[in-house]
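> Next comes structure-v3.pdb, PDB, C-alpha atoms and all ligand atoms:
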```pdb
ATOM      1  CA  MET A  13       1.612 121.792 -74.790
ATOM      2  CA  ARG A  14       0.056 121.490 -71.323
ATOM      3  CA  THR A  15      -1.269 124.740 -69.876
ATOM      4  CA  LEU A  16      -2.351 125.275 -66.300
ATOM      5  CA  ILE A  17      -4.729 128.185 -65.718
ATOM      6  CA  THR A  18      -5.150 129.662 -62.255
ATOM      7  CA  GLY A  19      -8.430 131.502 -61.806
ATOM      8  CA  GLY A  20      -9.859 128.985 -64.268
ATOM      9  CA  THR A  21     -13.430 129.647 -63.071
ATOM     10  CA  GLY A  22     -13.221 133.384 -63.820
ATOM     11  CA  GLN A  23     -14.153 135.279 -66.979
ATOM     12  CA  LEU A  24     -10.753 135.062 -68.633
ATOM     13  CA  GLY A  25      -9.927 131.579 -67.347
ATOM     14  CA  ARG A  26     -13.135 130.189 -68.841
ATOM     15  CA  ALA A  27     -12.522 131.944 -72.171
ATOM     16  CA  LEU A  28      -8.956 130.618 -72.334
ATOM     17  CA  ALA A  29     -10.191 127.079 -71.715
ATOM     18  CA  ARG A  30     -12.996 127.382 -74.287
ATOM     19  CA  LEU A  31     -10.775 128.868 -76.983
ATOM     20  CA  ALA A  32      -7.589 126.843 -76.523
ATOM     21  CA  PRO A  33      -6.112 126.009 -79.927
ATOM     22  CA  ALA A  34      -5.919 122.380 -81.040
ATOM     23  CA  GLY A  35      -2.982 120.580 -79.485
ATOM     24  CA  ILE A  36      -3.082 122.550 -76.242
ATOM     25  CA  GLN A  37      -4.256 120.633 -73.201
ATOM     26  CA  VAL A  38      -5.792 122.960 -70.624
ATOM     27  CA  ILE A  39      -6.107 122.395 -66.899
ATOM     28  CA  ALA A  40      -8.247 125.230 -65.518
ATOM     29  CA  LEU A  41      -8.360 125.421 -61.721
ATOM     30  CA  GLY A  42     -10.497 127.623 -59.467
ATOM     31  CA  SER A  43      -9.637 128.590 -55.917
ATOM     32  CA  HIS A  44     -10.957 125.320 -54.477
ATOM     33  CA  ALA A  45      -8.616 123.231 -56.605
ATOM     34  CA  CYS A  46      -5.665 125.626 -56.332
ATOM     35  CA  ASP A  47      -5.770 128.393 -53.722
ATOM     36  CA  VAL A  48      -2.871 130.612 -54.768
ATOM     37  CA  THR A  49      -2.423 131.899 -51.219
ATOM     38  CA  ASP A  50      -1.389 128.364 -50.191
ATOM     39  CA  PRO A  51       2.133 127.643 -51.500
ATOM     40  CA  ALA A  52       1.762 123.890 -50.907
ATOM     41  CA  ALA A  53      -1.462 123.791 -52.953
ATOM     42  CA  VAL A  54       0.178 125.700 -55.806
ATOM     43  CA  ARG A  55       3.254 123.437 -55.757
ATOM     44  CA  ALA A  56       1.042 120.323 -55.661
ATOM     45  CA  ALA A  57      -1.051 121.517 -58.627
ATOM     46  CA  VAL A  58       2.073 122.213 -60.665
ATOM     47  CA  GLU A  59       3.723 118.916 -59.686
ATOM     48  CA  THR A  60       0.553 116.982 -60.535
ATOM     49  CA  HIS A  61      -0.121 118.582 -63.912
ATOM     50  CA  ARG A  62       3.477 119.338 -65.028
ATOM     51  CA  PRO A  63       2.506 122.288 -67.271
ATOM     52  CA  ASP A  64       4.743 123.788 -69.947
ATOM     53  CA  LEU A  65       2.869 127.073 -69.543
ATOM     54  CA  ILE A  66       1.034 128.660 -66.614
ATOM     55  CA  VAL A  67      -1.501 131.421 -67.247
ATOM     56  CA  HIS A  68      -2.006 133.125 -63.905
ATOM     57  CA  CYS A  69      -5.472 134.727 -64.032
ATOM     58  CA  ALA A  70      -6.408 134.250 -60.361
ATOM     59  CA  ALA A  71      -6.887 137.522 -58.522
ATOM     60  CA  MET A  72      -9.029 139.396 -56.070
ATOM     61  CA  THR A  73     -10.747 141.481 -58.758
ATOM     62  CA  ASP A  74     -13.289 143.279 -56.569
ATOM     63  CA  VAL A  75     -11.514 146.636 -56.505
ATOM     64  CA  ASP A  76     -13.685 148.086 -53.724
ATOM     65  CA  GLY A  77     -13.285 144.816 -51.800
ATOM     66  CA  CYS A  78      -9.504 145.286 -52.015
ATOM     67  CA  GLU A  79      -9.867 148.678 -50.243
ATOM     68  CA  ARG A  80     -12.044 147.053 -47.549
ATOM     69  CA  ASP A  81      -9.692 144.119 -47.021
ATOM     70  CA  PRO A  82      -6.203 145.165 -48.145
ATOM     71  CA  ARG A  83      -4.549 142.303 -46.273
ATOM     72  CA  ARG A  84      -6.495 139.776 -48.356
ATOM     73  CA  ALA A  85      -5.738 141.734 -51.539
ATOM     74  CA  TRP A  86      -1.981 141.587 -50.846
ATOM     75  CA  GLN A  87      -2.256 137.882 -49.987
ATOM     76  CA  VAL A  88      -4.075 136.931 -53.192
ATOM     77  CA  ASN A  89      -2.678 139.370 -55.746
ATOM     78  CA  ALA A  90       0.925 139.773 -54.600
ATOM     79  CA  LEU A  91       1.819 136.784 -52.422
ATOM     80  CA  GLY A  92      -0.340 134.449 -54.517
ATOM     81  CA  THR A  93       1.566 135.574 -57.603
ATOM     82  CA  GLN A  94       4.852 134.948 -55.788
ATOM     83  CA  HIS A  95       3.776 131.350 -55.108
ATOM     84  CA  VAL A  96       2.711 130.805 -58.719
ATOM     85  CA  ALA A  97       5.914 132.354 -60.092
ATOM     86  CA  ALA A  98       8.057 130.250 -57.756
ATOM     87  CA  ALA A  99       6.244 127.087 -58.872
ATOM     88  CA  ALA A 100       6.753 128.098 -62.530
ATOM     89  CA  VAL A 101      10.480 128.523 -61.894
ATOM     90  CA  GLU A 102      10.690 125.076 -60.255
ATOM     91  CA  ALA A 103       8.719 123.418 -63.060
ATOM     92  CA  GLY A 104      10.567 125.284 -65.838
ATOM     93  CA  ALA A 105       7.176 126.422 -67.176
ATOM     94  CA  ARG A 106       6.699 129.710 -69.002
ATOM     95  CA  LEU A 107       4.402 132.135 -67.202
ATOM     96  CA  VAL A 108       1.692 134.568 -68.281
ATOM     97  CA  TYR A 109       0.646 137.016 -65.562
ATOM     98  CA  ILE A 110      -2.547 138.979 -66.145
ATOM     99  CA  SER A 111      -2.342 142.565 -64.906
ATOM    100  CA  THR A 112      -4.416 145.698 -65.198
ATOM    101  CA  ASN A 113      -4.711 149.320 -66.294
ATOM    102  CA  TYR A 114      -5.161 150.131 -62.570
ATOM    103  CA  VAL A 115      -1.340 150.096 -62.250
ATOM    104  CA  PHE A 116      -1.489 153.637 -63.745
ATOM    105  CA  ASP A 117      -2.665 156.757 -61.921
ATOM    106  CA  GLY A 118      -4.701 158.021 -64.893
ATOM    107  CA  GLU A 119      -3.253 161.530 -64.792
ATOM    108  CA  ALA A 120      -1.672 161.362 -68.267
ATOM    109  CA  GLU A 121      -3.484 162.949 -71.185
ATOM    110  CA  GLU A 122      -2.458 160.201 -73.603
ATOM    111  CA  PRO A 123      -3.182 156.450 -73.498
ATOM    112  CA  TYR A 124      -0.591 154.427 -71.560
ATOM    113  CA  HIS A 125       1.766 152.194 -73.550
ATOM    114  CA  GLU A 126       3.833 149.338 -72.152
ATOM    115  CA  PHE A 127       6.782 151.537 -71.161
ATOM    116  CA  ALA A 128       4.786 154.196 -69.293
ATOM    117  CA  ARG A 129       5.591 154.471 -65.601
ATOM    118  CA  PRO A 130       3.044 152.826 -63.270
ATOM    119  CA  ASN A 131       1.819 154.698 -60.217
ATOM    120  CA  PRO A 132      -1.227 152.922 -58.778
ATOM    121  CA  ILE A 133      -3.797 154.884 -56.758
ATOM    122  CA  SER A 134      -5.773 151.930 -55.367
ATOM    123  CA  ILE A 135      -4.961 148.863 -53.286
ATOM    124  CA  TYR A 136      -6.008 146.690 -56.222
ATOM    125  CA  GLY A 137      -3.558 148.519 -58.510
ATOM    126  CA  GLN A 138      -0.771 148.389 -55.924
ATOM    127  CA  THR A 139      -1.173 144.668 -55.314
ATOM    128  CA  LYS A 140      -1.354 143.860 -59.033
ATOM    129  CA  LEU A 141       1.770 145.959 -59.687
ATOM    130  CA  ALA A 142       3.552 144.094 -56.891
ATOM    131  CA  GLY A 143       2.604 140.891 -58.730
ATOM    132  CA  GLU A 144       4.215 142.258 -61.900
ATOM    133  CA  GLU A 145       7.403 143.163 -60.029
ATOM    134  CA  ILE A 146       7.610 139.706 -58.461
ATOM    135  CA  VAL A 147       7.201 138.020 -61.847
ATOM    136  CA  ARG A 148       9.890 140.232 -63.443
ATOM    137  CA  ALA A 149      12.294 139.589 -60.582
ATOM    138  CA  LEU A 150      11.805 135.825 -60.326
ATOM    139  CA  PHE A 151      11.526 134.602 -63.850
ATOM    140  CA  PRO A 152      12.711 135.903 -67.224
ATOM    141  CA  ARG A 153      10.431 133.675 -69.342
ATOM    142  CA  HIS A 154       7.307 135.662 -68.569
ATOM    143  CA  TYR A 155       4.624 137.578 -70.405
ATOM    144  CA  ILE A 156       2.929 140.305 -68.382
ATOM    145  CA  VAL A 157      -0.399 141.086 -70.038
ATOM    146  CA  ARG A 158      -2.202 144.220 -68.910
ATOM    147  CA  THR A 159      -5.842 144.502 -69.821
ATOM    148  CA  ALA A 160      -8.863 146.608 -68.830
ATOM    149  CA  MET A 161     -12.647 146.626 -68.330
ATOM    150  CA  LEU A 162     -13.038 142.885 -68.878
ATOM    151  CA  TYR A 163     -16.425 141.294 -69.541
ATOM    152  CA  ASP A 164     -17.944 138.081 -70.822
ATOM    153  CA  GLU A 165     -21.466 136.710 -71.123
ATOM    154  CA  THR A 166     -21.948 135.445 -67.589
ATOM    155  CA  GLY A 167     -19.427 137.032 -65.222
ATOM    156  CA  ARG A 168     -19.888 139.767 -62.665
ATOM    157  CA  ASN A 169     -19.133 142.675 -64.966
ATOM    158  CA  PHE A 170     -20.269 146.105 -66.129
ATOM    159  CA  VAL A 171     -22.181 144.876 -69.203
ATOM    160  CA  ASN A 172     -24.259 142.446 -67.183
ATOM    161  CA  THR A 173     -24.859 145.081 -64.499
ATOM    162  CA  MET A 174     -26.093 147.626 -67.086
ATOM    163  CA  LEU A 175     -28.383 145.062 -68.757
ATOM    164  CA  ARG A 176     -29.887 144.162 -65.376
ATOM    165  CA  LEU A 177     -30.264 147.751 -64.142
ATOM    166  CA  ALA A 178     -31.811 148.836 -67.449
ATOM    167  CA  CYS A 179     -34.660 146.438 -66.717
ATOM    168  CA  GLU A 180     -35.002 147.525 -63.066
ATOM    169  CA  ARG A 181     -34.626 151.331 -63.145
ATOM    170  CA  PRO A 182     -36.336 154.101 -65.099
ATOM    171  CA  VAL A 183     -33.024 155.846 -65.815
ATOM    172  CA  LEU A 184     -29.339 154.947 -65.486
ATOM    173  CA  ARG A 185     -26.783 157.510 -64.309
ATOM    174  CA  VAL A 186     -23.292 156.531 -65.402
ATOM    175  CA  VAL A 187     -19.847 158.116 -64.951
ATOM    176  CA  ALA A 188     -18.725 159.926 -68.105
ATOM    177  CA  ASP A 189     -15.293 161.287 -67.115
ATOM    178  CA  GLN A 190     -13.329 158.066 -66.547
ATOM    179  CA  PHE A 191     -12.028 156.181 -69.560
ATOM    180  CA  GLY A 192     -10.649 152.773 -70.478
ATOM    181  CA  ASN A 193     -10.858 150.049 -73.100
ATOM    182  CA  PRO A 194     -13.843 147.686 -72.732
ATOM    183  CA  THR A 195     -12.351 144.268 -73.514
ATOM    184  CA  TYR A 196     -14.190 141.070 -74.363
ATOM    185  CA  ALA A 197     -12.654 138.127 -72.477
ATOM    186  CA  ALA A 198     -12.916 135.901 -75.574
ATOM    187  CA  ASP A 199     -10.903 138.372 -77.681
ATOM    188  CA  LEU A 200      -8.300 138.677 -74.952
ATOM    189  CA  ALA A 201      -8.057 134.886 -74.654
ATOM    190  CA  GLU A 202      -7.466 134.521 -78.402
ATOM    191  CA  ALA A 203      -4.807 137.234 -78.283
ATOM    192  CA  ILE A 204      -3.048 135.490 -75.394
ATOM    193  CA  TRP A 205      -3.017 132.197 -77.277
ATOM    194  CA  ARG A 206      -1.441 134.034 -80.231
ATOM    195  CA  LEU A 207       1.094 135.773 -77.994
ATOM    196  CA  VAL A 208       2.420 132.601 -76.366
ATOM    197  CA  ARG A 209       3.362 131.208 -79.786
ATOM    198  CA  TYR A 210       6.292 133.671 -79.697
ATOM    199  CA  PRO A 211       9.193 133.460 -77.236
ATOM    200  CA  ALA A 212       8.956 137.263 -77.104
ATOM    201  CA  TYR A 213       8.906 137.676 -73.344
ATOM    202  CA  GLY A 214       7.973 141.020 -71.814
ATOM    203  CA  THR A 215       5.049 143.300 -71.065
ATOM    204  CA  TYR A 216       2.038 143.635 -73.366
ATOM    205  CA  HIS A 217      -1.116 145.729 -73.356
ATOM    206  CA  LEU A 218      -3.949 143.637 -74.803
ATOM    207  CA  VAL A 219      -7.304 145.401 -75.024
ATOM    208  CA  ASN A 220     -10.009 145.828 -77.628
ATOM    209  CA  ASP A 221      -9.234 148.766 -79.901
ATOM    210  CA  GLY A 222     -10.563 152.231 -79.072
ATOM    211  CA  GLN A 223     -11.561 153.850 -75.818
ATOM    212  CA  ALA A 224     -14.769 154.576 -73.931
ATOM    213  CA  SER A 225     -16.063 156.142 -70.763
ATOM    214  CA  TRP A 226     -18.364 154.071 -68.544
ATOM    215  CA  PHE A 227     -21.164 156.217 -69.995
ATOM    216  CA  ASP A 228     -20.161 155.466 -73.615
ATOM    217  CA  TRP A 229     -19.953 151.783 -72.764
ATOM    218  CA  ALA A 230     -23.377 151.745 -71.092
ATOM    219  CA  CYS A 231     -25.016 153.597 -74.017
ATOM    220  CA  GLU A 232     -23.555 151.209 -76.592
ATOM    221  CA  THR A 233     -24.546 148.159 -74.527
ATOM    222  CA  LEU A 234     -28.166 149.279 -74.266
ATOM    223  CA  ARG A 235     -28.290 150.352 -77.922
ATOM    224  CA  LEU A 236     -27.005 146.978 -79.122
ATOM    225  CA  ALA A 237     -29.358 145.140 -76.741
ATOM    226  CA  GLY A 238     -32.331 147.141 -78.036
ATOM    227  CA  LEU A 239     -33.099 148.635 -74.609
ATOM    228  CA  SER A 240     -34.462 152.174 -74.505
ATOM    229  CA  THR A 241     -33.799 153.020 -70.835
ATOM    230  CA  PRO A 242     -32.345 156.565 -70.775
ATOM    231  CA  VAL A 243     -28.707 156.899 -69.717
ATOM    232  CA  GLU A 244     -27.536 160.160 -68.127
ATOM    233  CA  PRO A 245     -23.866 161.149 -67.833
ATOM    234  CA  ILE A 246     -22.578 162.018 -64.356
ATOM    235  CA  PRO A 247     -19.113 163.041 -63.110
ATOM    236  CA  ALA A 248     -17.068 160.532 -61.107
ATOM    237  CA  SER A 249     -17.322 162.952 -58.166
ATOM    238  CA  ALA A 250     -21.075 162.202 -58.017
ATOM    239  CA  TYR A 251     -20.535 158.444 -57.665
ATOM    240  CA  THR A 252     -18.960 157.533 -54.360
ATOM    241  CA  ARG A 253     -16.942 154.359 -54.225
ATOM    242  CA  LEU A 254     -14.102 153.061 -52.092
ATOM    243  CA  ALA A 255     -11.544 152.550 -54.856
ATOM    244  CA  ARG A 256     -10.646 155.363 -57.218
ATOM    245  CA  PRO A 257     -10.328 154.092 -60.815
ATOM    246  CA  PRO A 258      -7.765 155.934 -62.965
ATOM    247  CA  ARG A 259      -9.419 158.889 -64.741
ATOM    248  CA  ASN A 260      -7.557 157.966 -67.906
ATOM    249  CA  GLY A 261      -7.282 154.181 -67.778
ATOM    250  CA  VAL A 262      -6.828 153.849 -71.524
ATOM    251  CA  LEU A 263      -4.153 151.399 -72.655
ATOM    252  CA  ALA A 264      -2.320 151.548 -75.981
ATOM    253  CA  SER A 265       0.068 148.921 -77.274
ATOM    254  CA  LEU A 266       3.441 149.251 -78.892
ATOM    255  CA  ALA A 267       4.543 145.670 -78.256
ATOM    256  CA  ALA A 268       1.577 143.557 -79.419
ATOM    257  CA  PRO A 269       1.185 145.084 -82.915
ATOM    258  CA  ALA A 270       4.915 144.505 -83.438
ATOM    259  CA  LEU A 271       4.047 140.772 -83.324
ATOM    260  CA  GLY A 272       1.004 141.297 -85.547
ATOM    261  CA  ILE A 273      -1.397 140.980 -82.598
ATOM    262  CA  THR A 274      -4.272 143.458 -82.639
ATOM    263  CA  LEU A 275      -7.807 143.243 -81.239
ATOM    264  CA  ARG A 276     -10.951 144.435 -83.005
ATOM    265  CA  PRO A 277     -12.739 147.681 -82.011
ATOM    266  CA  TRP A 278     -14.520 147.432 -78.680
ATOM    267  CA  GLN A 279     -17.941 148.142 -80.246
ATOM    268  CA  ASP A 280     -17.583 145.147 -82.616
ATOM    269  CA  ALA A 281     -16.503 142.932 -79.735
ATOM    270  CA  LEU A 282     -19.467 144.057 -77.639
ATOM    271  CA  LYS A 283     -21.839 143.265 -80.495
ATOM    272  CA  ARG A 284     -20.286 139.800 -80.818
ATOM    273  CA  ASN A 285     -20.704 139.301 -77.071
ATOM    274  CA  LEU A 286     -24.363 140.306 -77.116
ATOM    275  CA  ASP A 287     -25.069 138.142 -80.178
ATOM    276  CA  ARG A 288     -23.425 135.186 -78.506
ATOM    277  CA  ARG A 289     -25.307 135.603 -75.240
ATOM    278  CA  ALA A 290     -28.602 135.598 -77.171
ATOM    279  CA  ARG A 291     -27.714 132.090 -78.359
ATOM    280  CA  LEU A 292     -26.674 130.725 -74.961
ATOM    281  CA  PRO A 293     -29.194 128.457 -73.202
ATOM    282  CA  GLU A 294     -31.185 130.082 -70.382
ATOM    283  CA  PRO A 295     -29.703 129.133 -67.005
ATOM    284  CA  PRO A 296     -31.896 126.635 -65.140
ATOM    285  CA  GLY A 297     -34.607 128.259 -63.033
ATOM    286  CA  THR A 298     -35.051 131.365 -65.214
ATOM    287  CA  ALA A 299     -38.430 132.176 -66.706
TER     288      ALA A 299
HETATM  289  N1  LIG B   1     -12.296 142.071 -64.513
HETATM  290  C1  LIG B   1     -11.664 143.139 -65.017
HETATM  291  O1  LIG B   1     -12.295 144.153 -65.381
HETATM  292  C2  LIG B   1     -10.173 143.130 -65.162
HETATM  293  C3  LIG B   1      -9.545 144.260 -65.704
HETATM  294  C4  LIG B   1      -8.152 144.253 -65.831
HETATM  295  C5  LIG B   1      -7.425 143.147 -65.430
HETATM  296  N2  LIG B   1      -8.052 142.069 -64.895
HETATM  297  C6  LIG B   1      -7.245 140.924 -64.464
HETATM  298  O2  LIG B   1      -7.596 139.832 -65.300
HETATM  299  C7  LIG B   1      -7.510 138.612 -64.573
HETATM  300  C8  LIG B   1      -8.780 137.823 -64.785
HETATM  301  O3  LIG B   1      -9.886 138.581 -64.329
HETATM  302  P1  LIG B   1     -11.372 138.006 -64.422
HETATM  303  O4  LIG B   1     -12.277 139.165 -64.648
HETATM  304  O5  LIG B   1     -11.402 136.820 -65.320
HETATM  305  O6  LIG B   1     -11.569 137.518 -62.916
HETATM  306  P2  LIG B   1     -12.904 137.005 -62.211
HETATM  307  O7  LIG B   1     -13.930 136.638 -63.217
HETATM  308  O8  LIG B   1     -13.230 137.956 -61.122
HETATM  309  O9  LIG B   1     -12.386 135.650 -61.557
HETATM  310  C9  LIG B   1     -11.388 135.662 -60.573
HETATM  311  C10 LIG B   1     -10.763 134.292 -60.547
HETATM  312  O10 LIG B   1      -9.753 134.303 -59.540
HETATM  313  C11 LIG B   1      -9.956 133.183 -58.712
HETATM  314  N3  LIG B   1      -9.435 133.431 -57.377
HETATM  315  C12 LIG B   1      -9.769 134.402 -56.495
HETATM  316  N4  LIG B   1      -9.080 134.234 -55.349
HETATM  317  C13 LIG B   1      -8.303 133.124 -55.528
HETATM  318  C14 LIG B   1      -7.382 132.435 -54.721
HETATM  319  N5  LIG B   1      -7.100 132.810 -53.477
HETATM  320  N6  LIG B   1      -6.782 131.336 -55.231
HETATM  321  C15 LIG B   1      -7.044 130.917 -56.487
HETATM  322  N7  LIG B   1      -7.922 131.520 -57.294
HETATM  323  C16 LIG B   1      -8.538 132.621 -56.816
HETATM  324  C17 LIG B   1     -11.459 132.946 -58.714
HETATM  325  O11 LIG B   1     -11.704 131.615 -58.299
HETATM  326  P3  LIG B   1     -13.106 131.169 -57.609
HETATM  327  O12 LIG B   1     -14.137 131.280 -58.683
HETATM  328  O13 LIG B   1     -12.871 129.775 -57.177
HETATM  329  O14 LIG B   1     -13.297 132.156 -56.497
HETATM  330  C18 LIG B   1     -11.769 133.184 -60.182
HETATM  331  O15 LIG B   1     -11.460 132.039 -60.939
HETATM  332  C19 LIG B   1      -7.219 139.013 -63.126
HETATM  333  O16 LIG B   1      -5.859 138.800 -62.883
HETATM  334  C20 LIG B   1      -7.548 140.475 -63.056
HETATM  335  O17 LIG B   1      -6.750 141.138 -62.101
HETATM  336  C21 LIG B   1      -9.416 142.032 -64.764
END
```
Let me see whether you can do it: turn the structure in this file into structure tokens.
Ligand SMILES: NC(=O)c1ccc[n+]([C@@H]2O[C@H](COP(=O)([O-])OP(=O)(O)OC[C@H]3O[C@@H](n4cnc5c(N)ncnc54)[C@H](OP(=O)(O)O)[C@@H]3O)[C@@H](O)[C@H]2O)c1

Amino acid sequence: MRTLITGGTGQLGRALARLAPAGIQVIALGSHACDVTDPAAVRAAVETHRPDLIVHCAAMTDVDGCERDPRRAWQVNALGTQHVAAAAVEAGARLVYISTNYVFDGEAEEPYHEFARPNPISIYGQTKLAGEEIVRALFPRHYIVRTAMLYDETGRNFVNTMLRLACERPVLRVVADQFGNPTYAADLAEAIWRLVRYPAYGTYHLVNDGQASWFDWACETLRLAGLSTPVEPIPASAYTRLARPPRNGVLASLAAPALGITLRPWQDALKRNLDRRARLPEPPGTA
């Protein structure tokens, strides 16, 4: 099976390429090789590589950046998805679209399952939801995979930010009243590879098990890394940012366990991530 990955240079794209099962040929393209806002570039990539499956990871993931430049966010996340979905239709390839917990407003008291009603409160969430709607309308052979709080060893993510700030600041103040599911990109990639073995098209929530506030996540990261920098809880109202994350951004899954797909607890995944990063070679130029 030939699989084309858009956003192949991102956290999830890299994990998908690294963890592809035997027999799956992966073509992972970043924005230079396949700018999803350019329909001709998307068509050319699909015509060149003739994939059986497209995993569409490419997105403008800077949620505050989406508020600053909504036009760009709509171009990349919504229109870009339209171009990828149209190319999948033409090529007869199945399509995986990666979406987000930011499609929900976070006002529910319970975790959100796949059939909960989206109501995004940020440009990022609105543009990603538009991507979902385009995929559903254009192409039945799709998997929409919503995930949350993604991190890997090297990307621009919360874990790396906390590890850096813990070495730079005497104390960290972290929001304690917004919740989600910290999800290790490698675990998500493995779950996606399991999912696409089934022709069970539809919407799936794939996140590491359990839930955490940003504060919980920061504390566990520093504890596992052996860093003693104090972490203080603060309310979201004390941390000004352009985009408003959902207060309750916790995802639950009805659909994935029905296929036998579950992800390990987020604390175990975080430990695995920190163990793995300890074994990675130092990037060139670091002391
Ligand atoms: N990060 C999270 O916390 C999170 C949470 C929930 C859902 N998601 C979703 O999960 C998916 C993967 O996220 P991630 O964290 O792996 O992303 P990431 O590390 O931020 O990488 C984004 C990827 O998108 C590519 N990209 C950006 N603009 C593009 C364009 N115009 N054309 C083609 N490619 C473009 C980037 O390519 P270049 O490197 O070439 O710029 C990069 O490969 C996204 O769809 C995101 O919405 C992420």
> Which protein, DNA or RNA residues have an atom within 6 Å of ligand LIG 1 (chain B), counting only C-alpha atoms and all ligand atoms, as a list in words?
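Within the 6 Å cut-off, the matching residues are Thr18, Gly19, Gly20, Thr21, Gly22, Gln23, Leu24, Gly25, Gly42, Ser43, His44, Cys46, Asp47, Val48, Thr49, Cys69, Ala70, Ala71, Met72, Thr73, Val88, Ile110, Ser111, Thr112, Thr159, Ala160, Met161, Leu162 and Gly167 of chain A.
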> With C-alpha atoms retained, could you export that selection as an mmCIF file, keeping the file's coordinate frame?

```cif
data_model
loop_
_atom_site.group_PDB
_atom_site.id
_atom_site.type_symbol
_atom_site.label_atom_id
_atom_site.label_comp_id
_atom_site.auth_asym_id
_atom_site.auth_seq_id
_atom_site.Cartn_x
_atom_site.Cartn_y
_atom_site.Cartn_z
ATOM 1 C CA THR A 18 -5.150 129.662 -62.255
ATOM 2 C CA GLY A 19 -8.430 131.502 -61.806
ATOM 3 C CA GLY A 20 -9.859 128.985 -64.268
ATOM 4 C CA THR A 21 -13.430 129.647 -63.071
ATOM 5 C CA GLY A 22 -13.221 133.384 -63.820
ATOM 6 C CA GLN A 23 -14.153 135.279 -66.979
ATOM 7 C CA LEU A 24 -10.753 135.062 -68.633
ATOM 8 C CA GLY A 25 -9.927 131.579 -67.347
ATOM 9 C CA GLY A 42 -10.497 127.623 -59.467
ATOM 10 C CA SER A 43 -9.637 128.590 -55.917
ATOM 11 C CA HIS A 44 -10.957 125.320 -54.477
ATOM 12 C CA CYS A 46 -5.665 125.626 -56.332
ATOM 13 C CA ASP A 47 -5.770 128.393 -53.722
ATOM 14 C CA VAL A 48 -2.871 130.612 -54.768
ATOM 15 C CA THR A 49 -2.423 131.899 -51.219
ATOM 16 C CA CYS A 69 -5.472 134.727 -64.032
ATOM 17 C CA ALA A 70 -6.408 134.250 -60.361
ATOM 18 C CA ALA A 71 -6.887 137.522 -58.522
ATOM 19 C CA MET A 72 -9.029 139.396 -56.070
ATOM 20 C CA THR A 73 -10.747 141.481 -58.758
ATOM 21 C CA VAL A 88 -4.075 136.931 -53.192
ATOM 22 C CA ILE A 110 -2.547 138.979 -66.145
ATOM 23 C CA SER A 111 -2.342 142.565 -64.906
ATOM 24 C CA THR A 112 -4.416 145.698 -65.198
ATOM 25 C CA THR A 159 -5.842 144.502 -69.821
ATOM 26 C CA ALA A 160 -8.863 146.608 -68.830
ATOM 27 C CA MET A 161 -12.647 146.626 -68.330
ATOM 28 C CA LEU A 162 -13.038 142.885 -68.878
ATOM 29 C CA GLY A 167 -19.427 137.032 -65.222
#
```
> If you take all atoms listed in the file and a cut-off of 10 Å, which residues of stretch 128-223 of chain A touch stretch 33-41 of chain A, and what are their nearest atom pairs and distances in Å to one decimal, in chain and number order, as a Markdown table?

```
| residue | atom | partner | partner_atom | distance |
| --- | --- | --- | --- | --- |
| A:Glu202 | CA | A:Pro33 | CA | 8.8 |
| A:Trp205 | CA | A:Pro33 | CA | 7.4 |
| A:Arg206 | CA | A:Pro33 | CA | 9.3 |
```
> Decode the PyMOL selection byres (((chain A and resi 155) around 9) and not hetatm) for the given file into explicit residues and return them as a VMD selection string.
chain A and resid 106 to 110 147 152 to 154 156 to 157 207 to 208 212 to 216
> Determine the residue membership of the PyMOL selection byres (((chain A and resi 187) around 9) and not hetatm) for the file above and supply it as JSON, numbers by chain.
{"A": [185, 186, 188, 189, 190, 225, 226, 227, 244, 245, 246, 247, 248, 249, 250, 251]}
> Please provide as a JSON list (two decimals) with C-alpha atoms, in the frame of the given file all residues within 10 Å of A:Lys283, with the sequence filter that same-chain residues fewer than 2 positions apart are discarded (counting all atoms listed in the file).

```json
[["chain", "number", "residue", "atom", "x", "y", "z"],
["A", 232, "GLU", "CA", -23.56, 151.21, -76.59],
["A", 233, "THR", "CA", -24.55, 148.16, -74.53],
["A", 235, "ARG", "CA", -28.29, 150.35, -77.92],
["A", 236, "LEU", "CA", -27.00, 146.98, -79.12],
["A", 237, "ALA", "CA", -29.36, 145.14, -76.74],
["A", 278, "TRP", "CA", -14.52, 147.43, -78.68],
["A", 279, "GLN", "CA", -17.94, 148.14, -80.25],
["A", 280, "ASP", "CA", -17.58, 145.15, -82.62],
["A", 281, "ALA", "CA", -16.50, 142.93, -79.74],
["A", 285, "ASN", "CA", -20.70, 139.30, -77.07],
["A", 286, "LEU", "CA", -24.36, 140.31, -77.12],
["A", 287, "ASP", "CA", -25.07, 138.14, -80.18],
["A", 288, "ARG", "CA", -23.42, 135.19, -78.51],
["A", 289, "ARG", "CA", -25.31, 135.60, -75.24]]
```
> Find the distance between atom CA of A:Asn220 and atom CA of A:Asp199 and write it in Å to one decimal.
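Atom CA of A:Asp199 lies 7.5 Å from atom CA of A:Asn220.
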> Name the residues that the PyMOL selection byres (((chain A and resi 174) around 12) and not hetatm) picks from the file above, as an NGL selection string, using the file's chain letters and numbers.
:A and (163 or 168-173 or 175-181 or 183-186 or 226-235 or 237 or 239 or 241-243)
> Mind pulling up the distance from atom CA of A:Ala56 to atom CA of A:Arg14?
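It comes out at 15.7 Å.
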> What is the atom CA of A:Leu282 to atom CA of A:Ala264 distance in Å?
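Taking atom CA of A:Leu282 and atom CA of A:Ala264, their separation equals 18.8 Å.
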> Which one is closest to A:Ala52: A:Val96, A:Ile66, A:Ala268, A:Ala290? Count all atoms listed in the file.
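Nearest to A:Ala52: A:Val96.
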> Do you know which residues are at most 9 Å from A:Ala142 counting all atoms listed in the file, after dropping those on the same chain fewer than 4 positions away, and could you put them as a compact mmCIF listing (two decimals) with C-alpha atoms, keeping the file's coordinate frame?

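Listed below is the output, selection.txt:
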```
# COMPACT_ATOMS: atom_id res chain seq x y z
CA TRP A 86 -1.98 141.59 -50.85
CA ASN A 89 -2.68 139.37 -55.75
CA ALA A 90 0.92 139.77 -54.60
CA LEU A 91 1.82 136.78 -52.42
CA THR A 93 1.57 135.57 -57.60
CA GLY A 137 -3.56 148.52 -58.51
CA GLN A 138 -0.77 148.39 -55.92
CA ILE A 146 7.61 139.71 -58.46
CA VAL A 147 7.20 138.02 -61.85
```
